[in-house]
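S.K.: Coordinates in start.cif, mmCIF, C-alpha atoms, are listed below.
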data_upload
#
loop_
_atom_site.group_PDB
_atom_site.id
_atom_site.type_symbol
_atom_site.label_atom_id
_atom_site.label_comp_id
_atom_site.auth_asym_id
_atom_site.auth_seq_id
_atom_site.Cartn_x
_atom_site.Cartn_y
_atom_site.Cartn_z
ATOM 1 C CA MET A 1070 -22.185 3.929 11.043
ATOM 2 C CA SER A 1071 -19.001 4.990 9.286
ATOM 3 C CA ARG A 1072 -16.963 2.408 7.357
ATOM 4 C CA THR A 1073 -13.266 2.747 8.096
ATOM 5 C CA GLY A 1074 -10.678 0.794 6.149
ATOM 6 C CA ILE A 1075 -6.948 0.272 6.179
ATOM 7 C CA TYR A 1076 -4.742 -0.388 3.170
ATOM 8 C CA PRO A 1077 -1.420 -1.568 4.645
ATOM 9 C CA GLY A 1078 1.881 -2.046 2.895
ATOM 10 C CA SER A 1079 5.515 -1.085 2.784
ATOM 11 C CA PHE A 1080 5.053 1.151 -0.308
ATOM 12 C CA ASP A 1081 8.760 1.199 -1.149
ATOM 13 C CA PRO A 1082 7.870 3.113 -3.304
ATOM 14 C CA ILE A 1083 4.204 3.641 -4.083
ATOM 15 C CA HIS A 1084 3.388 2.893 -7.732
ATOM 16 C CA LYS A 1085 0.416 3.052 -10.092
ATOM 17 C CA GLY A 1086 -0.789 -0.382 -9.016
ATOM 18 C CA HIS A 1087 -1.074 0.842 -5.414
ATOM 19 C CA ILE A 1088 -2.680 4.087 -6.563
ATOM 20 C CA ASP A 1089 -5.329 2.175 -8.527
ATOM 21 C CA ILE A 1090 -6.189 -0.014 -5.513
ATOM 22 C CA ILE A 1091 -6.361 3.044 -3.228
ATOM 23 C CA ASN A 1092 -8.648 4.953 -5.581
ATOM 24 C CA ARG A 1093 -10.965 1.961 -5.872
ATOM 25 C CA ALA A 1094 -10.891 1.311 -2.113
ATOM 26 C CA THR A 1095 -12.077 4.846 -1.367
ATOM 27 C CA LYS A 1096 -15.350 3.901 -3.070
ATOM 28 C CA LEU A 1097 -15.894 1.157 -0.480
ATOM 29 C CA VAL A 1098 -15.159 3.079 2.706
ATOM 30 C CA ASP A 1099 -15.881 6.449 4.263
ATOM 31 C CA LYS A 1100 -12.327 6.788 5.604
ATOM 32 C CA LEU A 1101 -9.217 5.011 4.333
ATOM 33 C CA TYR A 1102 -5.985 4.845 6.279
ATOM 34 C CA ILE A 1103 -2.982 4.077 4.146
ATOM 35 C CA ALA A 1104 -0.820 2.368 6.714
ATOM 36 C CA VAL A 1105 2.871 2.365 5.889
ATOM 37 C CA ALA A 1106 4.631 -0.508 7.615
ATOM 38 C CA ASP A 1107 7.976 0.253 9.220
ATOM 39 C CA SER A 1108 9.313 -3.072 7.817
ATOM 40 C CA PRO A 1109 13.021 -2.806 8.735
ATOM 41 C CA HIS A 1110 13.374 -6.550 7.956
ATOM 42 C CA LYS A 1111 12.683 -5.739 4.284
ATOM 43 C CA SER A 1112 15.602 -3.248 4.123
ATOM 44 C CA PRO A 1113 13.568 -0.580 2.323
ATOM 45 C CA LEU A 1114 15.256 1.827 -0.065
ATOM 46 C CA PHE A 1115 13.247 4.741 1.343
ATOM 47 C CA ASP A 1116 12.875 5.443 5.046
ATOM 48 C CA LEU A 1117 9.447 5.562 6.640
ATOM 49 C CA ASP A 1118 9.081 9.345 6.376
ATOM 50 C CA GLU A 1119 10.044 9.325 2.700
ATOM 51 C CA ARG A 1120 7.513 6.601 1.915
ATOM 52 C CA LYS A 1121 4.788 8.509 3.755
ATOM 53 C CA GLU A 1122 5.735 11.717 1.920
ATOM 54 C CA MET A 1123 5.416 10.045 -1.483
ATOM 55 C CA ILE A 1124 1.922 8.771 -0.645
ATOM 56 C CA GLU A 1125 0.829 12.074 0.884
ATOM 57 C CA ASN A 1126 2.010 13.873 -2.231
ATOM 58 C CA GLU A 1127 -0.253 11.687 -4.372
ATOM 59 C CA PHE A 1128 -3.363 11.927 -2.182
ATOM 60 C CA SER A 1129 -3.078 15.336 -0.493
ATOM 61 C CA SER A 1130 -6.346 16.547 -2.002
ATOM 62 C CA ASN A 1131 -8.398 13.518 -0.935
ATOM 63 C CA ASP A 1132 -9.941 14.147 2.480
ATOM 64 C CA LYS A 1133 -11.086 10.504 2.761
ATOM 65 C CA ILE A 1134 -7.457 9.386 2.986
ATOM 66 C CA GLU A 1135 -5.006 9.648 5.851
ATOM 67 C CA VAL A 1136 -1.465 8.301 5.659
ATOM 68 C CA ILE A 1137 -0.073 6.810 8.861
ATOM 69 C CA ALA A 1138 2.899 4.697 9.882
ATOM 70 C CA PHE A 1139 2.729 1.558 11.972
ATOM 71 C CA ASP A 1140 5.075 -0.958 13.552
ATOM 72 C CA ASN A 1141 2.661 -3.201 15.403
ATOM 73 C CA LEU A 1142 0.203 -5.940 14.483
ATOM 74 C CA LEU A 1143 -2.184 -4.848 11.772
ATOM 75 C CA ILE A 1144 -5.141 -6.130 13.817
ATOM 76 C CA ASP A 1145 -4.052 -3.996 16.777
ATOM 77 C CA LEU A 1146 -3.793 -0.987 14.475
ATOM 78 C CA ALA A 1147 -7.260 -1.695 13.075
ATOM 79 C CA ASN A 1148 -8.737 -1.910 16.556
ATOM 80 C CA SER A 1149 -7.053 1.325 17.629
ATOM 81 C CA LEU A 1150 -8.608 3.105 14.610
ATOM 82 C CA ASP A 1151 -11.967 1.315 14.883
ATOM 83 C CA ALA A 1152 -11.385 0.034 11.348
ATOM 84 C CA LYS A 1153 -13.350 -3.049 10.360
ATOM 85 C CA ILE A 1154 -12.115 -3.441 6.784
ATOM 86 C CA LEU A 1155 -8.640 -4.371 5.585
ATOM 87 C CA ILE A 1156 -7.965 -3.737 1.910
ATOM 88 C CA ARG A 1157 -5.489 -5.962 0.114
ATOM 89 C CA GLY A 1158 -4.434 -5.818 -3.514
ATOM 90 C CA LEU A 1159 -3.816 -8.964 -5.533
ATOM 91 C CA ARG A 1160 -1.732 -9.170 -8.704
ATOM 92 C CA VAL A 1161 -0.928 -12.843 -9.223
ATOM 93 C CA VAL A 1162 -1.879 -16.240 -7.788
ATOM 94 C CA SER A 1163 1.122 -16.268 -5.437
ATOM 95 C CA ASP A 1164 -0.192 -13.029 -3.877
ATOM 96 C CA PHE A 1165 -3.447 -14.819 -3.102
ATOM 97 C CA GLU A 1166 -1.705 -17.727 -1.373
ATOM 98 C CA TYR A 1167 0.174 -15.384 0.965
ATOM 99 C CA GLU A 1168 -2.832 -13.129 1.553
ATOM 100 C CA PHE A 1169 -5.105 -16.111 2.222
ATOM 101 C CA GLN A 1170 -2.754 -17.280 4.984
ATOM 102 C CA MET A 1171 -2.647 -13.748 6.400
ATOM 103 C CA LEU A 1172 -6.437 -13.562 6.309
ATOM 104 C CA GLY A 1173 -6.648 -16.797 8.307
ATOM 105 C CA MET A 1174 -4.309 -15.512 10.985
ATOM 106 C CA ASN A 1175 -6.058 -12.146 11.185
ATOM 107 C CA ARG A 1176 -9.464 -13.848 11.496
ATOM 108 C CA GLN A 1177 -8.137 -15.837 14.457
ATOM 109 C CA LEU A 1178 -6.856 -12.647 16.078
ATOM 110 C CA ASP A 1179 -10.128 -10.752 15.490
ATOM 111 C CA ASN A 1180 -13.002 -12.220 13.509
ATOM 112 C CA ASN A 1181 -14.854 -8.884 13.455
ATOM 113 C CA ILE A 1182 -12.438 -7.414 10.927
ATOM 114 C CA GLU A 1183 -13.081 -8.255 7.278
ATOM 115 C CA THR A 1184 -10.497 -8.430 4.522
ATOM 116 C CA VAL A 1185 -11.471 -7.222 1.059
ATOM 117 C CA PHE A 1186 -9.325 -8.277 -1.882
ATOM 118 C CA LEU A 1187 -9.145 -6.016 -4.912
ATOM 119 C CA MET A 1188 -7.641 -7.449 -8.068
ATOM 120 C CA ALA A 1189 -5.044 -5.299 -9.751
ATOM 121 C CA ASP A 1190 -6.108 -3.749 -13.010
ATOM 122 C CA ALA A 1191 -4.896 -5.952 -15.889
ATOM 123 C CA GLN A 1192 -2.564 -3.194 -17.138
ATOM 124 C CA ARG A 1193 -0.902 -2.965 -13.720
ATOM 125 C CA GLN A 1194 -0.575 -6.611 -12.692
ATOM 126 C CA SER A 1195 3.128 -6.757 -13.508
ATOM 127 C CA ILE A 1196 4.059 -3.649 -11.527
ATOM 128 C CA SER A 1197 5.842 -4.207 -8.247
ATOM 129 C CA SER A 1198 7.920 -1.884 -6.116
ATOM 130 C CA ASN A 1199 10.941 -4.143 -6.591
ATOM 131 C CA PHE A 1200 10.670 -3.997 -10.390
ATOM 132 C CA VAL A 1201 10.202 -0.223 -10.328
ATOM 133 C CA LYS A 1202 13.301 0.201 -8.147
ATOM 134 C CA GLU A 1203 15.393 -2.108 -10.323
ATOM 135 C CA ILE A 1204 14.391 -0.387 -13.563
ATOM 136 C CA ALA A 1205 15.141 3.007 -11.982
ATOM 137 C CA ARG A 1206 18.489 1.774 -10.633
ATOM 138 C CA LEU A 1207 19.478 0.707 -14.140
ATOM 139 C CA GLY A 1208 18.419 4.044 -15.638
ATOM 140 C CA GLY A 1209 15.252 2.797 -17.328
ATOM 141 C CA ASN A 1210 12.062 4.742 -17.926
ATOM 142 C CA ILE A 1211 9.606 4.253 -15.038
ATOM 143 C CA SER A 1212 7.088 6.925 -16.031
ATOM 144 C CA ASN A 1213 4.467 4.267 -16.854
ATOM 145 C CA PHE A 1214 4.779 2.746 -13.399
ATOM 146 C CA THR A 1215 4.714 5.638 -10.965
ATOM 147 C CA ASN A 1216 4.055 9.357 -10.680
ATOM 148 C CA LYS A 1217 6.565 12.139 -11.414
ATOM 149 C CA PHE A 1218 7.231 12.865 -7.724
ATOM 150 C CA VAL A 1219 8.223 9.261 -7.000
ATOM 151 C CA GLU A 1220 10.133 9.040 -10.270
ATOM 152 C CA GLN A 1221 12.269 12.005 -9.193
ATOM 153 C CA LYS A 1222 12.793 10.530 -5.708
ATOM 154 C CA LEU A 1223 14.071 7.326 -7.294
ATOM 155 C CA LYS A 1224 16.365 9.225 -9.657
ATOM 156 C CA ASP A 1225 17.775 11.139 -6.681
ATOM 157 C CA LYS A 1226 18.395 7.886 -4.756
ATOM 158 C CA PHE A 1227 20.260 6.299 -7.640
ATOM 159 C CA LYS A 1228 22.445 9.286 -8.634
#
Could I get this structure in the form of structure tokens?

M.R.:
Amino acid sequence: MSRTGIYPGSFDPIHKGHIDIINRATKLVDKLYIAVADSPHKSPLFDLDERKEMIENEFSSNDKIEVIAFDNLLIDLANSLDAKILIRGLRVVSDFEYEFQMLGMNRQLDNNIETVFLMADAQRQSISSNFVKEIARLGGNISNFTNKFVEQKLKDKFK
């Protein structure tokens, strides 16, 4: 039986913390869907296609990974893909509180889908998409936080 997982998020933009979690998650599953949430309520800097493009650029050579967009319940997406594992990254305690509540709701919607939490690497715990965007907006160096492709996309946005 194949193990299919989903790593959902808004990825606005993807950064090295996300990339670390994705690389580690691929060791746990046979197929990993990186599910980019539409998330219009978050007013993303990048549109859905741009966010997908940045992720696809990073993982184009990994045949275990497929990047998809979604705008429905994560549990419904998981069921449509026959995915039984949700991957979630944790950086700080406040992440756990939110994710624990989400886990509880998802378990009530479908208790056959497991959530696996991966702790962020210690060197990447402070990285967040919001911090990366703010540093880029102010002209700071973000090369330690994301890849060159995303770095250029951010520079282009803030010209």

S.K.: Just the number, please: distance in Å from atom CA of A:Asp1118 to atom CA of A:Pro1077, one decimal.

M.R.: 15.2 Å

S.K.: Determine, counting all atoms listed in the file, which protein, DNA and RNA residues have an atom within 9 Å of an atom of A:Glu1125; residues of the same chain fewer than 3 positions away are not included. Present the result as an MDAnalysis selection string.

M.R.: chainID A and resid 1120:1122 1128:1130 1134:1136

S.K.: If you measure from atom CA of A:Thr1095 to atom CA of A:Lys1133, what distance in Å do you get, rounded to one decimal?

M.R.: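 Spanning atom CA of A:Thr1095 to atom CA of A:Lys1133 is a straight-line distance of 7.1 Å.
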
S.K.: Could you tell me how far atom CA of A:Leu1223 lies from atom CA of A:Glu1203, in Å and to one decimal?

M.R.: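 For atom CA of A:Leu1223 relative to atom CA of A:Glu1203, the distance reads 10.0 Å.
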
S.K.: Excluding same-chain residues fewer than 2 positions from A:Asp1107, what lies within 12 Å of it counting only C-alpha atoms, as an MDAnalysis selection string?

M.R.: chainID A and resid 1077:1081 1104:1105 1109:1121 1137:1143

S.K.: Using only C-alpha atoms, please write the residues we just selected to a file, as a PDB file, in the coordinates of the input.

M.R.:
ATOM      1  CA  PRO A1077      -1.420  -1.568   4.645  1.00  0.00           C
ATOM      2  CA  GLY A1078       1.881  -2.046   2.895  1.00  0.00           C
ATOM      3  CA  SER A1079       5.515  -1.085   2.784  1.00  0.00           C
ATOM      4  CA  PHE A1080       5.053   1.151  -0.308  1.00  0.00           C
ATOM      5  CA  ASP A1081       8.760   1.199  -1.149  1.00  0.00           C
ATOM      6  CA  ALA A1104      -0.820   2.368   6.714  1.00  0.00           C
ATOM      7  CA  VAL A1105       2.871   2.365   5.889  1.00  0.00           C
ATOM      8  CA  PRO A1109      13.021  -2.806   8.735  1.00  0.00           C
ATOM      9  CA  HIS A1110      13.374  -6.550   7.956  1.00  0.00           C
ATOM     10  CA  LYS A1111      12.683  -5.739   4.284  1.00  0.00           C
ATOM     11  CA  SER A1112      15.602  -3.248   4.123  1.00  0.00           C
ATOM     12  CA  PRO A1113      13.568  -0.580   2.323  1.00  0.00           C
ATOM     13  CA  LEU A1114      15.256   1.827  -0.065  1.00  0.00           C
ATOM     14  CA  PHE A1115      13.247   4.741   1.343  1.00  0.00           C
ATOM     15  CA  ASP A1116      12.875   5.443   5.046  1.00  0.00           C
ATOM     16  CA  LEU A1117       9.447   5.562   6.640  1.00  0.00           C
ATOM     17  CA  ASP A1118       9.081   9.345   6.376  1.00  0.00           C
ATOM     18  CA  GLU A1119      10.044   9.325   2.700  1.00  0.00           C
ATOM     19  CA  ARG A1120       7.513   6.601   1.915  1.00  0.00           C
ATOM     20  CA  LYS A1121       4.788   8.509   3.755  1.00  0.00           C
ATOM     21  CA  ILE A1137      -0.073   6.810   8.861  1.00  0.00           C
ATOM     22  CA  ALA A1138       2.899   4.697   9.882  1.00  0.00           C
ATOM     23  CA  PHE A1139       2.729   1.558  11.972  1.00  0.00           C
ATOM     24  CA  ASP A1140       5.075  -0.958  13.552  1.00  0.00           C
ATOM     25  CA  ASN A1141       2.661  -3.201  15.403  1.00  0.00           C
ATOM     26  CA  LEU A1142       0.203  -5.940  14.483  1.00  0.00           C
ATOM     27  CA  LEU A1143      -2.184  -4.848  11.772  1.00  0.00           C
TER      28      LEU A1143
END

S.K.: Calculated over only C-alpha atoms, which of the candidates A:Val1185, A:Ile1211, A:Val1219, A:Ala1094 has the smallest distance to A:Phe1165?

M.R.: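 Residue with the minimum atom-to-atom distance to A:Phe1165: A:Val1185.
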
S.K.: Which residues come within 9 Å of A:Ile1075, counting all atoms listed in the file, excluding same-chain residues fewer than 4 positions away, as a count of residues only?

M.R.: 14

S.K.: For A:Ile1204, which of A:Lys1224, A:Arg1160, A:Arg1072, A:His1087 is the closest residue, counting only C-alpha atoms?

M.R.: A:Lys1224

S.K.: For a quick check of understanding, using only C-alpha atoms, which of A:Val1161, A:Gly1173, A:Asp1179, A:Lys1222 has the smallest distance to A:Ser1195?

M.R.: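 Of A:Val1161, A:Gly1173, A:Asp1179, A:Lys1222, the one nearest A:Ser1195 is A:Val1161, counting only C-alpha atoms.
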
S.K.: Of the candidates A:Ile1090, A:Asp1099, A:Ile1144, A:Ser1212, which shows the shortest atom-to-atom distance to A:Gln1177, using all atoms listed in the file?

M.R.: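 Distance minimum relative to A:Gln1177 lands on A:Ile1144.
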
S.K.: Going by the chain IDs and residue numbers used in this file, which residues fall under the PyMOL selection byres ((chain A and resi 1159) around 9)? Write them as an mmCIF file with C-alpha atoms, in the coordinates of the input.

M.R.:
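Contents of expr00.cif, as written:
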data_model
loop_
_atom_site.group_PDB
_atom_site.id
_atom_site.type_symbol
_atom_site.label_atom_id
_atom_site.label_comp_id
_atom_site.auth_asym_id
_atom_site.auth_seq_id
_atom_site.Cartn_x
_atom_site.Cartn_y
_atom_site.Cartn_z
ATOM 1 C CA ARG A 1157 -5.489 -5.962 0.114
ATOM 2 C CA GLY A 1158 -4.434 -5.818 -3.514
ATOM 3 C CA ARG A 1160 -1.732 -9.170 -8.704
ATOM 4 C CA VAL A 1161 -0.928 -12.843 -9.223
ATOM 5 C CA VAL A 1162 -1.879 -16.240 -7.788
ATOM 6 C CA SER A 1163 1.122 -16.268 -5.437
ATOM 7 C CA ASP A 1164 -0.192 -13.029 -3.877
ATOM 8 C CA PHE A 1165 -3.447 -14.819 -3.102
ATOM 9 C CA GLU A 1168 -2.832 -13.129 1.553
ATOM 10 C CA PHE A 1186 -9.325 -8.277 -1.882
ATOM 11 C CA LEU A 1187 -9.145 -6.016 -4.912
ATOM 12 C CA MET A 1188 -7.641 -7.449 -8.068
ATOM 13 C CA ALA A 1189 -5.044 -5.299 -9.751
ATOM 14 C CA GLN A 1194 -0.575 -6.611 -12.692
#

S.K.: Between A:Arg1176, A:Arg1093, A:Lys1085, A:Lys1228, which one has atoms that come closest to A:Leu1207, using all atoms listed in the file?

M.R.: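 Of the candidates, the smallest distance to A:Leu1207 is held by A:Lys1228.
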
S.K.: For A:Lys1096, which residue out of A:Thr1073, A:Arg1206, A:Leu1178, A:Tyr1167 is the nearest one, using only C-alpha atoms?

M.R.: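 Under the stated criterion, the closest residue is A:Thr1073.
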